[in-house]
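Enquirer: The structure under discussion is supplied below as structure tokens; questions concerning it will follow.
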Amino acid sequence: MADDPNTLRTPLGRVRYLGSARSGMREDWLMRLTSVALVPLTIAFVWLLLSLLAKDYNGVRAELGHPLPAILMMLFVLVGIYHMQLGMRSVIADYVSGHAREWALMVNLFFAGALALACIYAVLRIGFV
Amino acid sequence: MAATDAAPTPARSRPLSPHLSVYRLTLTMAMSIIHRITGAALYVGVLLLAWFLIAASMDAAAFGIASGFLNSILGRLILFGFTWALFHHMLGGIRHIVWDAGYGMDAPQREWLAWATLIGGIVLSILTWAIGLAVY
């Protein structure tokens, strides 16, 4: 393999597995990592969501005031929004070009960041205020 | 860049790589597109979750508006769609993990995985809501 005459790649380059762009693998890996984490988180979230929908104001606050549902909700929000931001990033890379792409990537990060912060703030406020 | 902008060469149509519309639609292709669409839908749908959480963190009046909408017929329809998109996208992700591990890439297996994702997503959402509404 290392002596393959049909490649210009050095053995070290092959081991590093970074390709010519150097940084693409990290994004790919984070996508895989978050998707694995999201399988159990999604199932737990859907169940939590259905129980919350049936409750009134005090019921929802009591439920999200408990550590376990609150931590679960925040984990789902953090990992889920990070995952969806990564996904939208690749959609933008595929369909948007030029300056519009730079704007779209920026708006994507602002949207995801603000949304994540808003959800975390809300859950913490329910628990502590 | 400025030099080329100032003296543009006459426009010439360049060869394009064949895009989606060139190919006959196959099941696995459609699944790939649905995976993207459900992902984008969930991207927007998280706004509803944020609304619900923020309303619950404010006061009973704000919560009443959010909860009232989500428990209306339209709200329930949107939420059912949201959970379906979530389950479909999740099963699609599991399909990708299976492929990453090096399995399921033969034609019959690809078809089988596509059908399992498609049917599994619908069954999981119906089952979840049926059980959820019965329990809560």
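Residues are referred to by chain and number: the chain letter is A, B, ... according to the order shown in the structure tokens, the number counts from 1 in that chain, and ligands are numbered separately from 1 in the order shown.
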Check every residue of chain B for an atom within 8 Å of chain A, counting only C-alpha atoms, and provide those that qualify as JSON, numbers by chain.
Expert: {"B": [36, 39, 40, 43, 47, 49, 50, 53, 54, 56, 57, 60, 63, 64, 67, 70, 71, 83, 86, 90, 93, 94, 97, 128, 129, 132, 133, 136]}
Enquirer: Take the selection from the previous step and output its residues with N, CA and C atoms, as a short mmCIF file (atom, residue, chain, number, x, y, z; two decimals), in the first residue's frame.
Expert:
```cif
data_model
loop_
_atom_site.label_atom_id
_atom_site.label_comp_id
_atom_site.auth_asym_id
_atom_site.auth_seq_id
_atom_site.Cartn_x
_atom_site.Cartn_y
_atom_site.Cartn_z
N ARG B 36 -32.53 15.33 3.49
CA ARG B 36 -32.19 16.76 3.52
C ARG B 36 -33.40 17.60 3.88
N GLY B 39 -34.29 17.28 7.46
CA GLY B 39 -33.29 18.01 8.23
C GLY B 39 -33.57 19.50 8.24
N ALA B 40 -33.89 20.04 7.06
CA ALA B 40 -34.18 21.47 6.95
C ALA B 40 -35.46 21.82 7.70
N TYR B 43 -34.76 22.01 11.29
CA TYR B 43 -34.00 23.25 11.53
C TYR B 43 -34.96 24.38 11.87
N LEU B 47 -37.54 26.17 16.24
CA LEU B 47 -38.09 27.46 16.69
C LEU B 47 -39.30 27.25 17.60
N LEU B 49 -39.87 24.65 19.51
CA LEU B 49 -39.38 24.18 20.80
C LEU B 49 -38.88 25.35 21.64
N ALA B 50 -38.12 26.25 20.98
CA ALA B 50 -37.60 27.43 21.68
C ALA B 50 -38.75 28.28 22.21
N LEU B 53 -40.30 26.56 25.27
CA LEU B 53 -39.44 26.64 26.46
C LEU B 53 -39.39 28.05 27.02
N ILE B 54 -39.26 29.05 26.12
CA ILE B 54 -39.19 30.44 26.58
C ILE B 54 -40.51 30.85 27.23
N ALA B 56 -42.63 28.91 28.71
CA ALA B 56 -42.73 28.24 30.02
C ALA B 56 -41.83 28.92 31.05
N SER B 57 -40.79 29.58 30.59
CA SER B 57 -39.88 30.24 31.53
C SER B 57 -40.39 31.63 31.92
N ALA B 60 -47.62 32.40 33.08
CA ALA B 60 -48.73 31.53 32.68
C ALA B 60 -49.40 32.03 31.40
N PHE B 63 -47.21 31.15 28.42
CA PHE B 63 -47.25 29.70 28.25
C PHE B 63 -48.58 29.27 27.65
N GLY B 64 -49.67 29.93 28.09
CA GLY B 64 -50.99 29.58 27.58
C GLY B 64 -51.10 29.75 26.07
N SER B 67 -48.81 26.90 24.48
CA SER B 67 -49.42 25.59 24.71
C SER B 67 -50.73 25.47 23.96
N LEU B 70 -49.91 24.81 20.28
CA LEU B 70 -49.36 23.48 20.04
C LEU B 70 -50.39 22.38 20.26
N ASN B 71 -51.39 22.65 21.13
CA ASN B 71 -52.41 21.65 21.39
C ASN B 71 -53.65 21.84 20.51
N THR B 83 -42.37 15.23 14.72
CA THR B 83 -41.87 13.95 15.25
C THR B 83 -41.59 12.97 14.12
N LEU B 86 -38.36 13.93 12.66
CA LEU B 86 -37.32 13.57 13.62
C LEU B 86 -36.98 12.08 13.52
N MET B 90 -33.70 10.39 11.97
CA MET B 90 -32.91 9.56 12.89
C MET B 90 -32.62 8.19 12.26
N GLY B 93 -30.17 8.53 9.61
CA GLY B 93 -28.83 8.66 10.19
C GLY B 93 -28.26 7.31 10.57
N ILE B 94 -29.11 6.45 11.16
CA ILE B 94 -28.67 5.10 11.53
C ILE B 94 -28.24 4.35 10.27
N ILE B 97 -24.87 5.38 9.46
CA ILE B 97 -23.89 4.77 10.36
C ILE B 97 -23.61 3.33 9.93
N THR B 128 -45.68 6.28 18.68
CA THR B 128 -45.33 7.20 19.76
C THR B 128 -46.53 8.04 20.17
N TRP B 129 -47.24 8.59 19.17
CA TRP B 129 -48.39 9.45 19.50
C TRP B 129 -49.53 8.64 20.08
N GLY B 132 -48.33 7.80 23.53
CA GLY B 132 -48.19 9.04 24.29
C GLY B 132 -49.53 9.63 24.68
N LEU B 133 -50.48 9.64 23.75
CA LEU B 133 -51.79 10.20 24.04
C LEU B 133 -52.56 9.32 25.01
N TYR B 136 -50.50 9.92 28.62
CA TYR B 136 -50.56 11.27 29.22
C TYR B 136 -51.93 11.91 29.03
#
```
Enquirer: Among chain A, which residues carry a DSSP assignment of helix (DSSP H, G or I), reported as a VMD selection string?
Expert: chain A and resid 11 to 16 24 to 53 57 to 65 67 to 95 99 to 128
Enquirer: For segment 104-111 of chain B, find every residue with an atom within 12 Å (counting only C-alpha atoms), except residues of its own chain fewer than 2 positions away, and show them as a PyMOL selection string.
Expert: chain B and resi 26-32+92+94-102+113-118
